file start-v9.cif (mmCIF, C-alpha atoms and all ligand atoms)
data_my_file
loop_
_atom_site.label_atom_id
_atom_site.label_comp_id
_atom_site.auth_asym_id
_atom_site.auth_seq_id
_atom_site.Cartn_x
_atom_site.Cartn_y
_atom_site.Cartn_z
CA MET X 492 0.00 0.00 0.00
CA ASN X 493 1.14 3.48 -0.77
CA LYS X 494 1.49 5.17 2.58
CA ASN X 495 2.67 8.54 1.39
CA ASN X 496 0.66 9.01 -1.71
CA ASN X 497 -1.58 11.79 -2.87
CA ASN X 498 -1.35 15.46 -2.29
CA VAL X 499 -2.23 15.29 1.35
CA PRO X 500 0.65 16.49 3.50
CA ASP X 501 2.45 13.84 5.47
CA ILE X 502 1.79 13.87 9.18
CA LYS X 503 4.90 14.72 11.09
CA THR X 504 5.75 12.46 13.97
CA SER X 505 6.41 14.55 17.02
CA ASN X 506 7.08 13.47 20.54
CA ILE X 507 3.72 14.64 21.74
CA SER X 508 3.82 12.24 24.66
CA LYS X 509 5.85 14.90 26.50
CA VAL X 510 2.81 17.15 26.52
CA GLU X 511 2.34 16.83 30.28
CA ASN X 512 5.49 18.83 30.94
CA THR X 513 4.52 21.93 29.02
CA GLU X 514 4.26 25.28 30.69
CA LEU X 515 0.60 25.42 29.80
CA ASP X 516 -0.14 22.24 31.68
CA THR X 517 1.70 23.35 34.79
CA LYS X 518 0.19 26.82 34.76
CA ASP X 519 -3.32 25.59 34.35
CA ASN X 520 -2.88 22.92 36.94
CA VAL X 521 -4.11 20.22 34.64
CA LYS X 522 -3.67 16.77 36.11
CA VAL X 523 -0.19 15.62 35.20
CA ILE X 524 -0.08 12.33 33.39
CA ASP X 525 2.57 10.10 34.82
CA ASN X 526 5.41 9.00 32.61
CA LEU X 527 5.20 5.37 33.58
CA GLN X 528 1.87 5.09 31.90
CA PHE X 529 3.42 6.42 28.70
CA GLN X 530 6.24 3.93 28.77
CA ASN X 531 3.87 1.08 29.36
CA ASN X 532 1.86 2.03 26.32
CA GLU X 533 4.71 2.14 23.86
CA GLU X 534 4.14 -1.35 22.56
CA LYS X 535 0.50 -0.63 21.86
CA SER X 536 -0.85 1.03 18.78
CA ILE X 537 -3.95 2.15 16.95
CA LYS X 538 -3.95 1.50 13.22
CA ILE X 539 -5.96 3.82 11.02
CA LEU X 540 -6.92 3.34 7.40
CA TYR X 541 -7.54 6.68 5.70
CA LEU X 542 -9.64 6.11 2.58
CA TYR X 543 -9.31 8.17 -0.62
CA PRO X 544 -7.49 11.13 0.96
CA ASP X 545 -7.04 12.63 -2.52
CA MET X 546 -10.76 12.53 -3.34
CA LEU X 547 -12.64 12.73 -0.07
CA GLU X 548 -11.38 15.74 1.83
CA LEU X 549 -13.65 18.72 2.39
CA TYR X 550 -13.81 21.44 5.05
CA GLY X 551 -10.92 20.12 7.09
CA ASP X 552 -11.78 16.40 7.10
CA TYR X 553 -8.05 15.60 7.12
CA GLY X 554 -7.89 17.37 10.49
CA ASN X 555 -9.69 14.37 11.98
CA ILE X 556 -6.68 12.21 11.20
CA GLN X 557 -4.34 14.79 12.72
CA VAL X 558 -6.43 15.05 15.89
CA LEU X 559 -6.65 11.26 16.24
CA LYS X 560 -2.90 10.99 15.85
CA TYR X 561 -2.27 13.75 18.38
CA ARG X 562 -4.58 12.34 21.02
CA ILE X 563 -3.38 8.75 20.55
CA GLU X 564 0.29 9.74 20.81
CA ALA X 565 -0.33 12.07 23.75
CA ARG X 566 -1.34 8.92 25.68
CA GLY X 567 1.88 7.24 24.64
CA TYR X 568 0.40 4.85 22.08
CA LYS X 569 1.63 4.53 18.54
CA ALA X 570 -0.61 5.90 15.77
CA ILE X 571 -0.11 4.04 12.51
CA ILE X 572 -1.78 5.67 9.53
CA ASP X 573 -2.11 3.99 6.14
CA ARG X 574 -3.75 5.62 3.17
CA TYR X 575 -5.65 3.93 0.43
CA SER X 576 -6.77 5.38 -2.87
CA ILE X 577 -7.56 4.06 -6.34
CA GLY X 578 -4.65 2.03 -7.70
CA ASP X 579 -3.04 1.25 -4.34
CA ASP X 580 -2.60 -2.29 -3.03
CA VAL X 581 -5.82 -3.90 -1.83
CA PRO X 582 -6.28 -3.18 1.87
CA ASN X 583 -7.57 -5.66 4.41
CA PHE X 584 -10.04 -3.66 6.44
CA ASN X 585 -9.88 -6.16 9.29
CA ASP X 586 -6.23 -5.23 9.89
CA TYR X 587 -7.29 -1.81 11.15
CA ASP X 588 -8.74 -0.37 14.34
CA ILE X 589 -10.27 2.67 12.64
CA VAL X 590 -11.36 3.26 9.06
CA PHE X 591 -11.85 6.93 8.21
CA ALA X 592 -13.27 8.57 5.08
CA GLY X 593 -14.26 12.19 4.47
CA GLY X 594 -16.68 14.03 2.23
CA GLY X 595 -16.54 14.74 -1.49
CA ALA X 596 -18.48 16.19 -4.38
CA ASP X 597 -20.93 14.04 -6.38
CA ASN X 598 -18.43 13.65 -9.21
CA GLU X 599 -15.71 12.21 -6.96
CA GLN X 600 -18.27 10.01 -5.26
CA SER X 601 -19.32 8.43 -8.55
CA ILE X 602 -15.71 7.75 -9.57
CA LEU X 603 -14.60 6.16 -6.35
CA ALA X 604 -17.88 4.28 -5.75
CA GLU X 605 -16.85 1.89 -8.53
CA ASP X 606 -13.62 1.19 -6.70
CA LEU X 607 -15.15 1.00 -3.24
CA VAL X 608 -17.78 -1.62 -4.12
CA LYS X 609 -14.94 -4.06 -4.88
CA TYR X 610 -14.34 -4.18 -1.12
CA LYS X 611 -17.97 -4.55 -0.13
CA ASP X 612 -17.63 -7.98 1.50
CA ASN X 613 -14.39 -7.14 3.27
CA ILE X 614 -15.89 -3.89 4.58
CA LYS X 615 -19.09 -5.60 5.79
CA ASP X 616 -16.98 -8.17 7.55
CA ALA X 617 -14.86 -5.50 9.25
CA VAL X 618 -18.00 -3.65 10.37
CA GLU X 619 -19.34 -6.88 11.87
CA ASN X 620 -16.01 -7.61 13.55
CA GLY X 621 -16.09 -4.26 15.34
CA VAL X 622 -13.54 -2.17 13.43
CA PHE X 623 -14.51 1.46 14.10
CA PHE X 624 -15.74 3.35 11.01
CA LEU X 625 -15.86 7.16 11.02
CA LEU X 626 -17.54 8.33 7.83
CA ILE X 627 -18.15 11.93 6.91
CA CYS X 628 -20.76 13.26 4.48
CA GLY X 629 -19.97 11.77 1.03
CA ALA X 630 -18.54 8.64 2.68
CA TYR X 631 -21.58 8.45 4.96
CA GLN X 632 -23.81 8.43 1.87
CA LEU X 633 -21.75 5.73 0.12
CA PHE X 634 -22.22 3.24 2.95
CA GLY X 635 -25.99 3.26 2.39
CA LYS X 636 -28.03 1.69 -0.43
CA TYR X 637 -27.46 4.40 -3.00
CA TYR X 638 -27.04 8.09 -3.73
CA LYS X 639 -29.38 9.54 -6.32
CA GLY X 640 -27.83 12.59 -7.98
CA VAL X 641 -29.54 15.76 -9.21
CA GLU X 642 -29.90 14.33 -12.74
CA GLY X 643 -31.52 11.17 -11.37
CA ASN X 644 -28.29 9.18 -11.83
CA ILE X 645 -27.79 6.44 -9.25
CA ILE X 646 -24.44 5.97 -7.53
CA PRO X 647 -24.59 2.51 -5.99
CA GLY X 648 -23.68 2.35 -2.33
CA LEU X 649 -22.02 -0.42 -0.37
CA GLU X 650 -25.38 -1.40 1.14
CA VAL X 651 -23.77 -1.91 4.51
CA PHE X 652 -26.75 -0.02 5.97
CA ASP X 653 -30.34 0.46 4.84
CA TYR X 654 -30.47 4.22 4.49
CA TYR X 655 -30.36 5.97 1.11
CA THR X 656 -29.74 9.51 -0.08
CA VAL X 657 -31.41 11.65 -2.74
CA ALA X 658 -29.89 14.93 -3.91
CA ASN X 659 -32.11 17.96 -3.59
CA PRO X 660 -33.30 18.75 -7.16
CA ASP X 661 -32.42 22.43 -6.78
CA ARG X 662 -28.63 22.53 -6.83
CA LYS X 663 -28.61 25.92 -5.18
CA LYS X 664 -30.49 24.74 -2.13
CA ARG X 665 -28.20 22.85 0.18
CA CYS X 666 -27.98 22.21 3.90
CA ILE X 667 -25.13 24.57 4.67
CA GLY X 668 -23.88 25.99 7.94
CA ASN X 669 -22.88 25.29 11.49
CA ILE X 670 -24.64 22.47 13.28
CA VAL X 671 -24.92 21.21 16.85
CA ILE X 672 -26.32 17.82 17.76
CA GLU X 673 -27.01 16.14 21.07
CA THR X 674 -25.47 12.68 21.20
CA LYS X 675 -24.66 10.04 23.76
CA VAL X 676 -21.14 11.51 23.90
CA GLY X 677 -22.41 15.02 24.60
CA ASN X 678 -23.11 17.96 22.33
CA VAL X 679 -21.25 17.59 19.04
CA ILE X 680 -20.43 20.68 16.98
CA GLY X 681 -19.66 20.72 13.25
CA PHE X 682 -20.23 22.24 9.86
CA GLU X 683 -22.51 20.73 7.21
CA ASN X 684 -22.71 21.30 3.46
CA HIS X 685 -24.74 18.74 1.55
CA GLY X 686 -27.41 18.66 -1.10
CA GLY X 687 -28.13 15.00 -0.33
CA GLN X 688 -31.15 14.24 1.84
CA THR X 689 -30.77 10.97 3.72
CA PHE X 690 -33.78 8.76 4.47
CA ASP X 691 -34.55 5.59 6.45
CA ILE X 692 -32.13 6.07 9.30
CA SER X 693 -32.65 3.44 11.98
CA ASN X 694 -30.26 4.82 14.63
CA SER X 695 -29.29 8.45 14.31
CA PHE X 696 -26.05 9.90 15.63
CA GLY X 697 -27.87 12.68 17.46
CA ASN X 698 -30.79 15.06 17.79
CA VAL X 699 -30.36 18.36 16.01
CA LEU X 700 -30.15 21.38 18.33
CA PHE X 701 -29.03 23.80 15.62
CA GLY X 702 -28.70 23.30 11.85
CA ASN X 703 -30.33 20.84 9.44
CA GLY X 704 -29.21 17.24 9.90
CA ASN X 705 -30.06 14.31 7.62
CA LYS X 706 -32.51 16.47 5.64
CA PHE X 707 -33.59 20.10 5.55
CA GLY X 708 -34.89 21.01 9.00
CA ASP X 709 -34.57 17.45 10.30
CA SER X 710 -34.65 16.62 13.99
CA GLU X 711 -32.05 13.87 13.56
CA GLU X 712 -28.50 13.78 12.27
CA GLY X 713 -26.23 11.01 11.05
CA PHE X 714 -26.15 7.32 11.80
CA PHE X 715 -24.59 5.63 14.83
CA LYS X 716 -24.60 1.93 15.43
CA ASN X 717 -22.08 0.20 17.68
CA ASN X 718 -18.76 0.78 15.94
CA VAL X 719 -19.95 3.05 13.14
CA ILE X 720 -20.45 6.80 13.20
CA ALA X 721 -21.60 8.23 9.88
CA THR X 722 -22.32 11.95 9.93
CA TYR X 723 -22.68 15.10 7.85
CA LEU X 724 -20.45 16.97 10.30
CA HIS X 725 -17.21 18.29 8.89
CA GLY X 726 -15.51 20.79 11.07
CA PRO X 727 -13.06 19.14 11.46
CA LEU X 728 -15.33 17.08 13.61
CA LEU X 729 -12.77 15.76 16.08
CA SER X 730 -10.96 19.04 16.78
CA LYS X 731 -14.23 20.63 17.82
CA ASN X 732 -15.22 17.55 19.81
CA PRO X 733 -12.24 16.08 21.69
CA GLU X 734 -14.53 13.95 23.83
CA LEU X 735 -15.80 12.21 20.72
CA CYS X 736 -12.23 11.57 19.61
CA ASP X 737 -11.42 10.02 22.99
CA TYR X 738 -14.56 7.92 22.82
CA ILE X 739 -13.28 6.39 19.58
CA ILE X 740 -9.74 5.92 20.91
CA LYS X 741 -10.99 4.23 24.07
CA TYR X 742 -13.29 1.99 22.06
CA CYS X 743 -10.35 0.84 19.92
CA LEU X 744 -7.99 0.21 22.84
CA ASP X 745 -10.60 -1.69 24.84
CA ARG X 746 -11.41 -3.86 21.85
CA LYS X 747 -7.85 -4.48 20.73
CA TYR X 748 -6.25 -5.16 24.09
CA ASN X 749 -9.29 -6.65 25.77
CA GLU X 750 -9.21 -4.32 28.75
CA VAL X 751 -11.05 -1.32 30.10
CA VAL X 752 -8.75 1.62 29.46
CA THR X 753 -8.96 4.94 31.30
CA LEU X 754 -7.46 7.54 29.02
CA ALA X 755 -5.19 10.05 30.73
CA PRO X 756 -6.75 13.54 30.56
CA LEU X 757 -5.18 16.08 28.24
CA ASN X 758 -5.14 19.82 28.47
CA ASP X 759 -8.18 20.76 26.40
CA LYS X 760 -8.39 24.29 27.71
CA PHE X 761 -8.49 25.96 24.30
CA GLU X 762 -10.75 23.32 22.77
CA ASN X 763 -13.20 23.77 25.64
CA LEU X 764 -13.10 27.56 25.44
CA CYS X 765 -13.79 27.33 21.73
CA ARG X 766 -16.67 24.92 22.31
CA GLU X 767 -18.17 27.18 24.94
CA GLN X 768 -18.09 30.15 22.56
CA LEU X 769 -19.60 28.18 19.71
CA LEU X 770 -22.32 26.60 21.83
CA ASN X 771 -23.25 29.99 23.30
CA ARG X 772 -23.41 31.50 19.85
CA PHE X 773 -25.43 28.75 18.19
CA LEU X 774 -27.72 27.73 21.02
CA GLU X 775 -28.54 31.10 22.53
CA LYS X 776 -32.27 31.63 22.46
N1 LIG V 1 -22.01 15.26 -2.68
C1 LIG V 1 -22.73 15.10 -1.51
C2 LIG V 1 -23.85 16.11 -1.28
O1 LIG V 1 -23.74 17.24 -1.70
C3 LIG V 1 -21.72 15.12 -0.38
C4 LIG V 1 -21.12 16.46 -0.08
C5 LIG V 1 -20.10 16.42 1.00
O2 LIG V 1 -19.42 15.41 1.19
N2 LIG V 1 -19.91 17.53 1.68
O3 LIG V 1 -24.80 15.75 -0.67
#
call {"tool": "encode", "arguments": {"input": "start-v9.cif", "output": "structure tokens", "more": "lines below"}}
Ligand code: GLN
result
Amino acid sequence: MNKNNNNVPDIKTSNISKVENTELDTKDNVKVIDNLQFQNNEEKSIKILYLYPDMLELYGDYGNIQVLKYRIEARGYKAIIDRYSIGDDVPNFNDYDIVFAGGGADNEQSILAEDLVKYKDNIKDAVENGVFFLLICGAYQLFGKYYKGVEGNIIPGLEVFDYYTVANPDRKKRCIGNIVIETKVGNVIGFENHGGQTFDISNSFGNVLFGNGNKFGDSEEGFFKNNVIATYLHGPLLSKNPELCDYIIKYCLDRKYNEVVTLAPLNDKFENLCREQLLNRFLEK
């Protein structure tokens, strides 16, 4: 597999596990994470498969990979990130702890859908085995039955889930803007921009507090079932919602190492300040 392909910048490996010694941490009296815990974690890793980084990357989706890497390494674990795009060696989805794919325009979706369906069985198997899938917007749509474009053209989906998406016939009318949803991991903040209207969702990711959701003016957003979160929220999603990122990391560690992990807290002072501002702005009556 080509691990450094495409025009997406390579992620620099930094020794982020020293984060507990920074001035910021000391000044803000954030609980210091003890070094022993870091050392003990060095043998452990989380392996991420980043799908179609050259075609599915809108509104900061790549930031989700950066945030995952940062928060995994800050706890002393290794973050291994492989990329797959058309023409690369066939990936085995079961080899990974997390599969991530971002959003893309209809045109990109139709091109890569042909490639993606080749892996349908392997992907279904990985979903059933508990590999965590984080799918944003265009990728969310492709895991359903189909996406029907503005011209009535059908882009076949992977049919991993029963939902389907139909593009709004008026190209100029899209669900665009900031969005806040209430989920089982707290309020999740993001940015949506989709013409597609998604129907037949069995388990939504959250209730819409601000913004549109699966359709114009919907009360529900996204799809969340066990080890799959599929959502319209770009943002990047995980930088605006560190708790959600940690939820995914903990899920992966618990599953992989068959234990109940308590993640060491990080200094999220700026993330939390940012969230507070955004929530006040969007949810104020
Ligand atoms: N092309 C899809 C739509 O407009 C997805 C867009 C996206 O990924 N942001 O609905």
call {"tool": "atom_distance", "arguments": {"input": "start-v9.cif", "atom1": "atom CA of X:Asn598", "atom2": "atom CA of X:Gly648"}}
result
14.2 Å
call {"tool": "closest_residue", "arguments": {"input": "start-v9.cif", "among": "X:Val679, X:Val699, X:Val671, X:Leu724", "to": "ligand LIG 1 (chain V)", "atoms": "all atoms listed in the file"}}
result
X:Leu724
call {"tool": "residues_around", "arguments": {"input": "start-v9.cif", "residues": "X:Val581", "least_positions_apart": "6", "cutoff": "12 Å", "atoms": "all atoms listed in the file", "output": "PyMOL selection string"}}
result
chain X and resi 492-493+540+542+573-575+606-607+609-610+613-614
call {"tool": "residues_near_ligand", "arguments": {"input": "start-v9.cif", "ligand": "ligand LIG 1 (chain V)", "cutoff": "6 Å", "atoms": "only C-alpha atoms and all ligand atoms", "output": "ChimeraX atom specification"}}
result
/X:594-597,628-629,684-687
call {"tool": "residues_around", "arguments": {"input": "start-v9.cif", "residues": "X:Ser536", "least_positions_apart": "4", "cutoff": "12 Å", "atoms": "all atoms listed in the file", "output": "PyMOL selection string"}}
result
chain X and resi 531-532+560+563-564+566-572+587-589+740-741+743-745+747-748
call {"tool": "atom_distance", "arguments": {"input": "start-v9.cif", "atom1": "atom CA of X:Asp612", "atom2": "atom CA of X:Gly643"}}
result
26.9 Å
call {"tool": "atom_distance", "arguments": {"input": "start-v9.cif", "atom1": "atom CA of X:Tyr738", "atom2": "atom CA of X:Val676"}}
result
7.6 Å
call {"tool": "closest_residue", "arguments": {"input": "start-v9.cif", "among": "X:Asp737, X:Asp586, X:Glu642, X:Glu619", "to": "X:Asn659", "atoms": "all atoms listed in the file"}}
result
X:Glu642
call {"tool": "closest_residue", "arguments": {"input": "start-v9.cif", "among": "X:Thr689, X:Ile680, X:Gly697, X:Val590", "to": "X:Cys765", "atoms": "all atoms listed in the file"}}
result
X:Ile680
call {"tool": "closest_residue", "arguments": {"input": "start-v9.cif", "among": "X:Phe623, X:Tyr543, X:Tyr561, X:Tyr637", "to": "X:Arg746", "atoms": "all atoms listed in the file"}}
result
X:Phe623
call {"tool": "residues_near_point", "arguments": {"input": "start-v9.cif", "point": "(-9.2, 12.6, 17.7)", "cutoff": "12 Å", "atoms": "all atoms listed in the file", "output": "PDB file with C-alpha atoms, keeping the file's coordinate frame"}}
result
ATOM      1  CA  ILE X 537      -3.950   2.150  16.950  1.00  0.00           C
ATOM      2  CA  ILE X 539      -5.960   3.820  11.020  1.00  0.00           C
ATOM      3  CA  ASP X 552     -11.780  16.400   7.100  1.00  0.00           C
ATOM      4  CA  TYR X 553      -8.050  15.600   7.120  1.00  0.00           C
ATOM      5  CA  GLY X 554      -7.890  17.370  10.490  1.00  0.00           C
ATOM      6  CA  ASN X 555      -9.690  14.370  11.980  1.00  0.00           C
ATOM      7  CA  ILE X 556      -6.680  12.210  11.200  1.00  0.00           C
ATOM      8  CA  GLN X 557      -4.340  14.790  12.720  1.00  0.00           C
ATOM      9  CA  VAL X 558      -6.430  15.050  15.890  1.00  0.00           C
ATOM     10  CA  LEU X 559      -6.650  11.260  16.240  1.00  0.00           C
ATOM     11  CA  LYS X 560      -2.900  10.990  15.850  1.00  0.00           C
ATOM     12  CA  TYR X 561      -2.270  13.750  18.380  1.00  0.00           C
ATOM     13  CA  ARG X 562      -4.580  12.340  21.020  1.00  0.00           C
ATOM     14  CA  ILE X 563      -3.380   8.750  20.550  1.00  0.00           C
ATOM     15  CA  GLU X 564       0.290   9.740  20.810  1.00  0.00           C
ATOM     16  CA  ALA X 565      -0.330  12.070  23.750  1.00  0.00           C
ATOM     17  CA  ARG X 566      -1.340   8.920  25.680  1.00  0.00           C
ATOM     18  CA  ALA X 570      -0.610   5.900  15.770  1.00  0.00           C
ATOM     19  CA  ILE X 589     -10.270   2.670  12.640  1.00  0.00           C
ATOM     20  CA  PHE X 591     -11.850   6.930   8.210  1.00  0.00           C
ATOM     21  CA  LEU X 625     -15.860   7.160  11.020  1.00  0.00           C
ATOM     22  CA  PRO X 727     -13.060  19.140  11.460  1.00  0.00           C
ATOM     23  CA  LEU X 728     -15.330  17.080  13.610  1.00  0.00           C
ATOM     24  CA  LEU X 729     -12.770  15.760  16.080  1.00  0.00           C
ATOM     25  CA  SER X 730     -10.960  19.040  16.780  1.00  0.00           C
ATOM     26  CA  LYS X 731     -14.230  20.630  17.820  1.00  0.00           C
ATOM     27  CA  ASN X 732     -15.220  17.550  19.810  1.00  0.00           C
ATOM     28  CA  PRO X 733     -12.240  16.080  21.690  1.00  0.00           C
ATOM     29  CA  GLU X 734     -14.530  13.950  23.830  1.00  0.00           C
ATOM     30  CA  LEU X 735     -15.800  12.210  20.720  1.00  0.00           C
ATOM     31  CA  CYS X 736     -12.230  11.570  19.610  1.00  0.00           C
ATOM     32  CA  ASP X 737     -11.420  10.020  22.990  1.00  0.00           C
ATOM     33  CA  TYR X 738     -14.560   7.920  22.820  1.00  0.00           C
ATOM     34  CA  ILE X 739     -13.280   6.390  19.580  1.00  0.00           C
ATOM     35  CA  ILE X 740      -9.740   5.920  20.910  1.00  0.00           C
ATOM     36  CA  LYS X 741     -10.990   4.230  24.070  1.00  0.00           C
ATOM     37  CA  LEU X 757      -5.180  16.080  28.240  1.00  0.00           C
ATOM     38  CA  ASP X 759      -8.180  20.760  26.400  1.00  0.00           C
ATOM     39  CA  GLU X 762     -10.750  23.320  22.770  1.00  0.00           C
TER      40      GLU X 762
END
